[in-house]
>>> print(open('data.txt').read())   # compact mmCIF, C-alpha atoms
# COMPACT_ATOMS: atom_id res chain seq x y z
CA MET A 763 5.70 -4.33 9.94
CA LYS A 764 3.37 -6.20 12.29
CA LEU A 765 3.45 -9.97 12.07
CA LYS A 766 1.05 -11.19 9.40
CA ASN A 767 0.07 -14.50 7.92
CA ILE A 768 -0.22 -13.77 4.21
CA ASN A 769 -1.54 -16.28 1.68
CA CYS A 770 -1.75 -15.93 -2.09
CA VAL A 771 -4.96 -17.11 -3.76
CA ILE A 772 -4.92 -18.11 -7.44
CA VAL A 773 -7.99 -19.38 -9.29
CA ASN A 774 -7.57 -21.75 -12.22
CA TYR A 775 -9.94 -22.86 -14.95
CA ASN A 776 -8.26 -24.78 -17.77
CA ASP A 777 -5.21 -22.52 -17.48
CA GLY A 778 -2.69 -24.81 -15.82
CA ASP A 779 0.37 -23.56 -17.72
CA ARG A 780 -0.04 -19.99 -16.51
CA VAL A 781 -0.93 -21.00 -12.97
CA ILE A 782 2.09 -23.28 -12.72
CA LYS A 783 4.33 -20.50 -14.08
CA LEU A 784 3.03 -18.08 -11.42
CA ILE A 785 3.44 -20.66 -8.65
CA GLU A 786 7.05 -21.24 -9.64
CA GLN A 787 7.64 -17.47 -9.69
CA ILE A 788 6.32 -16.85 -6.18
CA ARG A 789 6.94 -20.18 -4.43
CA GLY A 790 10.16 -18.85 -2.93
CA TYR A 791 8.61 -15.63 -1.59
CA SER A 792 9.06 -15.73 2.17
CA CYS A 793 6.19 -13.24 2.58
CA PHE A 794 3.70 -15.98 1.72
CA ASP A 795 2.93 -18.55 4.40
CA GLN A 796 1.02 -20.51 1.79
CA ILE A 797 -0.18 -20.36 -1.81
CA VAL A 798 -3.79 -21.50 -2.19
CA VAL A 799 -4.75 -22.66 -5.68
CA VAL A 800 -8.46 -23.08 -6.41
CA ASP A 801 -9.35 -25.21 -9.42
CA ASN A 802 -12.80 -24.24 -10.67
CA ALA A 803 -13.67 -27.78 -11.87
CA SER A 804 -11.38 -27.61 -14.91
CA THR A 805 -12.28 -29.86 -17.82
CA ASP A 806 -8.68 -30.40 -18.92
CA ASP A 807 -5.77 -31.95 -16.99
CA SER A 808 -5.18 -28.82 -14.85
CA TRP A 809 -6.41 -30.40 -11.62
CA GLN A 810 -4.04 -33.35 -11.86
CA ARG A 811 -1.06 -31.21 -12.84
CA LEU A 812 -1.69 -28.68 -10.06
CA LYS A 813 -2.38 -31.32 -7.44
CA ALA A 814 1.06 -32.78 -8.18
CA LEU A 815 2.61 -29.47 -7.00
CA GLN A 816 0.97 -29.60 -3.58
CA ASP A 817 3.36 -29.47 -0.65
CA GLN A 818 3.79 -27.51 2.59
CA LYS A 819 3.90 -24.22 0.64
CA VAL A 820 1.19 -24.93 -1.94
CA ALA A 821 -2.38 -26.07 -1.17
CA VAL A 822 -4.58 -27.11 -4.09
CA ILE A 823 -8.34 -27.28 -3.57
CA ARG A 824 -11.13 -27.95 -6.04
CA GLY A 825 -14.45 -26.19 -6.44
CA GLU A 826 -17.60 -28.16 -7.15
CA LYS A 827 -18.28 -26.16 -10.32
CA ASN A 828 -16.91 -23.50 -12.63
CA GLY A 829 -18.64 -20.77 -10.68
CA GLY A 830 -16.55 -17.91 -12.03
CA TYR A 831 -14.07 -15.41 -10.62
CA GLY A 832 -16.00 -14.54 -7.46
CA TYR A 833 -16.88 -18.12 -6.57
CA GLY A 834 -13.27 -19.29 -6.88
CA ASN A 835 -11.73 -16.41 -4.97
CA ASN A 836 -14.33 -16.57 -2.21
CA LEU A 837 -13.48 -20.24 -1.82
CA GLY A 838 -9.75 -19.49 -1.74
CA VAL A 839 -9.88 -16.59 0.72
CA THR A 840 -12.22 -18.51 3.02
CA TYR A 841 -9.83 -21.48 3.01
CA ALA A 842 -6.86 -19.16 3.65
CA ALA A 843 -8.59 -17.51 6.61
CA ARG A 844 -10.28 -20.49 8.23
CA VAL A 845 -7.82 -23.30 7.50
CA ASN A 846 -4.50 -21.42 7.32
CA ASN A 847 -5.45 -18.61 9.75
CA ALA A 848 -4.32 -16.08 7.14
CA THR A 849 -4.79 -12.47 8.21
CA HIS A 850 -4.30 -11.20 4.65
CA ALA A 851 -4.53 -12.66 1.17
CA VAL A 852 -3.19 -11.58 -2.19
CA ILE A 853 -5.76 -12.36 -4.88
CA ALA A 854 -3.85 -12.84 -8.13
CA ASN A 855 -4.89 -13.66 -11.67
CA PRO A 856 -2.74 -16.36 -13.31
CA ASP A 857 -1.57 -13.82 -15.92
CA VAL A 858 0.25 -11.41 -13.58
CA GLU A 859 3.84 -10.94 -12.44
CA PHE A 860 4.77 -9.22 -9.18
CA SER A 861 7.70 -9.00 -6.80
CA GLN A 862 7.96 -9.83 -3.11
CA LYS A 863 8.85 -6.18 -2.50
CA THR A 864 5.47 -5.17 -3.92
CA VAL A 865 3.65 -7.60 -1.63
CA LEU A 866 5.51 -6.31 1.44
CA SER A 867 4.83 -2.68 0.51
CA MET A 868 1.13 -3.44 0.18
CA ALA A 869 1.12 -5.30 3.50
CA ARG A 870 2.69 -2.34 5.33
CA MET A 871 -0.26 -0.15 4.37
CA PHE A 872 -2.54 -2.17 6.62
CA ASP A 873 -0.33 -1.34 9.62
CA SER A 874 -0.81 2.41 9.35
CA HIS A 875 -4.40 2.30 8.04
CA PRO A 876 -6.56 0.06 10.23
CA ASP A 877 -9.68 0.88 8.19
CA ALA A 878 -8.11 -0.46 4.97
CA GLY A 879 -9.83 -3.51 3.55
CA VAL A 880 -8.09 -3.62 0.16
CA VAL A 881 -4.63 -2.53 -0.97
CA SER A 882 -3.24 -2.75 -4.49
CA ALA A 883 -0.40 -1.45 -6.65
CA VAL A 884 -0.30 0.24 -10.06
CA MET A 885 -1.07 -2.18 -12.89
CA GLU A 886 1.23 -2.19 -15.92
CA ASP A 887 -0.80 -3.47 -18.84
CA MET A 888 1.44 -5.66 -21.00
CA GLU A 889 -1.04 -6.04 -23.87
CA TYR A 890 -2.62 -2.61 -24.28
CA GLY A 891 0.10 -0.53 -22.68
CA GLY A 892 -0.24 2.19 -20.10
CA LEU A 893 -0.73 2.18 -16.36
CA GLY A 894 -3.84 1.17 -14.46
CA TYR A 895 -4.69 3.24 -11.40
CA GLY A 896 -7.83 3.25 -9.28
CA TRP A 897 -11.14 4.80 -10.26
CA ARG A 898 -14.32 6.13 -8.74
CA LEU A 899 -17.45 4.15 -8.03
CA HIS A 900 -20.02 5.46 -10.49
CA GLY A 901 -23.73 6.04 -10.37
CA PHE A 902 -26.04 4.89 -13.16
CA THR A 903 -25.00 7.47 -15.76
CA GLY A 904 -21.31 7.17 -14.97
CA GLU A 905 -21.50 3.38 -15.18
CA LEU A 906 -22.99 3.57 -18.67
CA LEU A 907 -20.47 6.15 -19.86
CA SER A 908 -17.55 4.09 -18.52
CA MET A 909 -18.56 1.12 -20.68
CA GLY A 910 -18.77 2.80 -24.08
CA PRO A 911 -15.57 2.82 -26.18
CA ALA A 912 -16.08 6.44 -27.24
CA SER A 913 -17.90 7.75 -24.18
CA ARG A 914 -15.32 6.51 -21.70
CA ARG A 915 -12.71 8.56 -23.56
CA LEU A 916 -14.86 11.64 -24.07
CA PHE A 917 -15.87 11.77 -20.41
CA SER A 918 -12.69 10.38 -18.85
CA ARG A 919 -12.09 13.54 -16.82
CA PHE A 920 -15.42 13.04 -15.07
CA LEU A 921 -15.11 9.27 -14.68
CA ASN A 922 -11.55 9.02 -13.38
CA TYR A 923 -9.41 10.72 -10.80
CA PRO A 924 -7.41 13.61 -12.29
CA THR A 925 -3.69 13.00 -12.76
CA SER A 926 -2.99 15.64 -10.13
CA TYR A 927 -4.73 13.47 -7.52
CA PHE A 928 -1.87 10.95 -7.66
CA GLN A 929 1.06 13.33 -8.18
CA GLY A 930 3.59 13.59 -5.38
CA LYS A 931 2.02 10.80 -3.32
CA ARG A 932 3.35 7.42 -2.26
CA ALA A 933 -0.18 6.07 -1.87
CA ALA A 934 -3.73 7.31 -2.37
CA TRP A 935 -7.24 6.46 -1.25
CA VAL A 936 -9.40 5.32 -4.19
CA ASP A 937 -12.83 3.75 -4.55
CA VAL A 938 -11.93 0.84 -6.82
CA VAL A 939 -8.74 -0.93 -7.95
CA HIS A 940 -8.11 -3.43 -10.71
CA GLY A 941 -8.99 -6.98 -9.70
CA SER A 942 -6.03 -8.67 -11.38
CA MET A 943 -3.83 -8.39 -8.26
CA LEU A 944 -4.77 -6.98 -4.88
CA MET A 945 -4.40 -7.74 -1.18
CA VAL A 946 -7.34 -8.03 1.19
CA ASP A 947 -7.67 -8.13 4.94
CA THR A 948 -9.32 -11.55 5.20
CA GLY A 949 -11.45 -10.49 8.17
CA ALA A 950 -12.78 -7.48 6.27
CA PHE A 951 -13.30 -9.59 3.16
CA LEU A 952 -15.39 -12.18 4.96
CA GLU A 953 -17.27 -9.54 6.96
CA CYS A 954 -18.36 -7.65 3.85
CA GLY A 955 -19.33 -10.84 2.01
CA GLY A 956 -16.47 -10.97 -0.49
CA TYR A 957 -17.41 -11.19 -4.15
CA ASP A 958 -20.96 -11.64 -5.39
CA GLU A 959 -21.03 -15.19 -6.73
CA LYS A 960 -24.04 -14.46 -8.93
CA ILE A 961 -21.64 -12.51 -11.17
CA PHE A 962 -19.60 -14.97 -13.20
CA LEU A 963 -17.06 -12.49 -14.55
CA TYR A 964 -16.60 -8.70 -14.92
CA GLN A 965 -17.82 -5.98 -12.56
CA GLU A 966 -16.29 -7.85 -9.60
CA GLU A 967 -14.06 -4.89 -8.67
CA ALA A 968 -17.03 -2.55 -8.26
CA VAL A 969 -18.93 -5.11 -6.20
CA LEU A 970 -16.02 -5.63 -3.80
CA ALA A 971 -15.46 -1.86 -3.51
CA TRP A 972 -19.17 -1.26 -2.86
CA ARG A 973 -19.33 -4.01 -0.23
CA MET A 974 -16.13 -2.87 1.48
CA ARG A 975 -17.26 0.74 1.65
CA THR A 976 -20.70 -0.26 2.94
CA SER A 977 -19.00 -2.25 5.71
CA GLY A 978 -16.77 0.69 6.67
CA PHE A 979 -13.54 -0.36 4.96
CA ARG A 980 -11.47 1.63 2.47
CA THR A 981 -9.16 0.96 -0.48
CA ILE A 982 -5.56 2.11 -0.93
CA LEU A 983 -3.48 2.25 -4.12
CA VAL A 984 0.30 2.09 -3.56
CA LEU A 985 1.78 4.41 -6.18
CA THR A 986 5.43 3.44 -5.65
CA GLU A 987 4.85 -0.22 -6.60
CA SER A 988 3.52 -1.92 -9.71
CA TYR A 989 2.84 -5.33 -11.21
CA LEU A 990 2.59 -6.67 -14.76
CA HIS A 991 -0.68 -7.94 -16.20
CA SER A 992 -0.95 -9.77 -19.51
CA HIS A 993 -4.41 -8.33 -20.01
CA GLY A 994 -7.10 -10.90 -20.68
CA ALA A 995 -4.70 -13.79 -21.35
CA SER A 996 -6.59 -16.11 -19.01
CA ILE A 997 -10.05 -14.86 -20.02
CA THR A 998 -9.54 -15.31 -23.76
CA LYS A 999 -8.45 -18.87 -23.16
CA SER A 1000 -11.96 -19.80 -21.96
CA LEU A 1001 -13.96 -17.09 -23.77
CA SER A 1002 -12.38 -16.62 -27.19
CA SER A 1003 -15.25 -14.73 -28.83
CA GLN A 1004 -15.13 -10.95 -28.45
CA THR A 1005 -18.90 -10.70 -28.74
CA GLU A 1006 -19.35 -13.42 -26.13
CA ARG A 1007 -17.10 -11.57 -23.68
CA GLN A 1008 -18.85 -8.25 -24.29
CA LYS A 1009 -22.30 -9.77 -23.79
CA LEU A 1010 -21.10 -11.30 -20.52
CA ARG A 1011 -19.79 -7.89 -19.49
CA HIS A 1012 -23.23 -6.39 -20.20
CA ASP A 1013 -24.98 -9.11 -18.18
CA SER A 1014 -22.70 -8.45 -15.21
CA ALA A 1015 -23.16 -4.69 -15.50
CA MET A 1016 -26.93 -5.08 -15.59
CA TYR A 1017 -26.87 -7.27 -12.49
CA TYR A 1018 -24.65 -4.74 -10.71
CA MET A 1019 -26.91 -1.83 -11.62
CA LYS A 1020 -30.04 -3.68 -10.49
CA HIS A 1021 -28.69 -5.01 -7.21
CA TYR A 1022 -26.21 -2.31 -6.17
CA LEU A 1023 -27.34 0.88 -7.93
CA TYR A 1024 -31.03 -0.03 -7.59
CA ILE A 1025 -32.04 1.18 -11.05
CA ASN A 1026 -35.69 1.44 -12.06
CA PRO A 1027 -37.37 -0.13 -15.16
CA VAL A 1028 -36.86 2.98 -17.28
CA GLN A 1029 -33.14 3.03 -16.47
CA GLU A 1030 -32.94 -0.68 -17.27
CA LEU A 1031 -34.43 -0.03 -20.72
CA ILE A 1032 -31.96 2.80 -21.31
CA ALA A 1033 -29.09 0.53 -20.28
CA ARG A 1034 -30.17 -2.25 -22.65
CA LEU A 1035 -30.41 0.19 -25.55
CA TRP A 1036 -26.98 1.56 -24.65
CA PHE A 1037 -25.49 -1.95 -24.57
CA GLY A 1038 -26.84 -2.51 -28.09
CA VAL A 1039 -25.09 0.66 -29.27
CA ILE A 1040 -21.82 -0.49 -27.68
CA LEU A 1041 -21.99 -3.87 -29.45
CA LEU A 1042 -22.54 -2.13 -32.80
CA GLU A 1043 -19.65 0.23 -32.11
CA ILE A 1044 -17.29 -2.61 -31.18
CA ARG A 1045 -18.26 -4.73 -34.17
CA ALA A 1046 -17.77 -1.77 -36.47
CA ALA A 1047 -14.34 -1.01 -35.05
CA GLY A 1048 -13.33 -4.67 -34.88
CA ILE A 1049 -11.96 -4.27 -31.37
CA LEU A 1050 -12.86 -5.06 -27.80
CA LEU A 1051 -11.82 -2.67 -25.10
CA PRO A 1052 -9.75 -4.03 -22.19
CA ARG A 1053 -11.71 -4.87 -19.10
CA LYS A 1054 -11.10 -3.26 -15.73
CA GLY A 1055 -9.09 -5.62 -13.64
>>> encode(input="data.txt", output="structure tokens")
Amino acid sequence: MKLKNINCVIVNYNDGDRVIKLIEQIRGYSCFDQIVVVDNASTDDSWQRLKALQDQKVAVIRGEKNGGYGYGNNLGVTYAARVNNATHAVIANPDVEFSQKTVLSMARMFDSHPDAGVVSAVMEDMEYGGLGYGWRLHGFTGELLSMGPASRRLFSRFLNYPTSYFQGKRAAWVDVVHGSMLMVDTGAFLECGGYDEKIFLYQEEAVLAWRMRTSGFRTILVLTESYLHSHGASITKSLSSQTERQKLRHDSAMYYMKHYLYINPVQELIARLWFGVILLEIRAAGILLPRKG
């Protein structure tokens, strides 16, 4: 494997316990030149507790506001690239677990695929069960169908890659991967603009995939490696209401459709009506579907 400077970026907002647990898990990984922790202006004692962990291996920086997932990770990757000269960065949610072997396997993909901008591994969902692979970027209709609890199941064969696409492969090209743990080429990330900071949460995976593809970079899913994700553990800590989280998801989806799918006013009306149906369906079922990423 070619010599790389790999950093790990972790964003915190009032979730110090999980962030500290992850730091302690990966602090000894020799693959990381540095761990960059971004505190998104926490209102609890997270900043003080995390700052106390700072040393040669761990850098702790603070954002000016709680600007959301994209804001924090953009800040972290920019710091990793421009201050630490990191060539690659693992972007990790606080509620994940992964091995050094997985990081090294992901890093090797960049050696043989110079057009790769993002590499990830299979996500093992600890809360809902099952495995999370990559998925296709959707147009307007596909985006709507992928959000509905019933429709995403009924039309799954059209929305997702078929199982046969992944069989017998060690890695596969995909459009989008889950945002809970992935590795980016920092140069590609900065060139494409990173995450859209006008989206606070949700839809960030599609934005990054769209921006990477537009800039000429591709995404790889390593099928021989996986990581654990305690789905939504960090999100529910700051957004405990299911309805609140779903409405935020709808706001992010609407922004994405307007600014990346370029929908017209009629499509916007259809989307808003569809979001209303989804809220009724979720309230009736008493559940909230897991988010992508």
>>> closest_residue(input="data.txt", among="A:Arg980, A:Lys960, A:Lys766, A:Lys827", to="Arg870 in chain A", atoms="all atoms listed in the file")
A:Lys766
>>> atom_distance(input="data.txt", atom1="CA of Met974 in chain A", atom2="CA of Ala934 in chain A")
16.5 Å
>>> atom_distance(input="data.txt", atom1="CA of Arg811 in chain A", atom2="CA of Ala854 in chain A")
19.2 Å
>>> residues_around(input="data.txt", residues="Arg898 in chain A", least_positions_apart="6", cutoff="10 Å", atoms="all atoms listed in the file", output="list in words")
Gly904, Phe920, Leu921, Asn922, Tyr923, Val936, Asp937, Val938, Val939, Ala968 and Ala971 of chain A
>>> residues_around(input="data.txt", residues="Leu944 in chain A", least_positions_apart="6", cutoff="6 Å", atoms="all atoms listed in the file", output="ChimeraX atom specification")
/A:852-853,881-882
>>> closest_residue(input="data.txt", among="A:Asp877, A:Glu886, A:Asp795, A:Glu905", to="Ile982 in chain A", atoms="all atoms listed in the file")
A:Asp877
>>> closest_residue(input="data.txt", among="A:Lys931, A:Arg975, A:Arg824, A:Lys863", to="Val773 in chain A", atoms="all atoms listed in the file")
A:Arg824
>>> closest_residue(input="data.txt", among="A:Trp935, A:Tyr775, A:Phe951, A:Tyr833", to="Ala848 in chain A", atoms="all atoms listed in the file")
A:Phe951
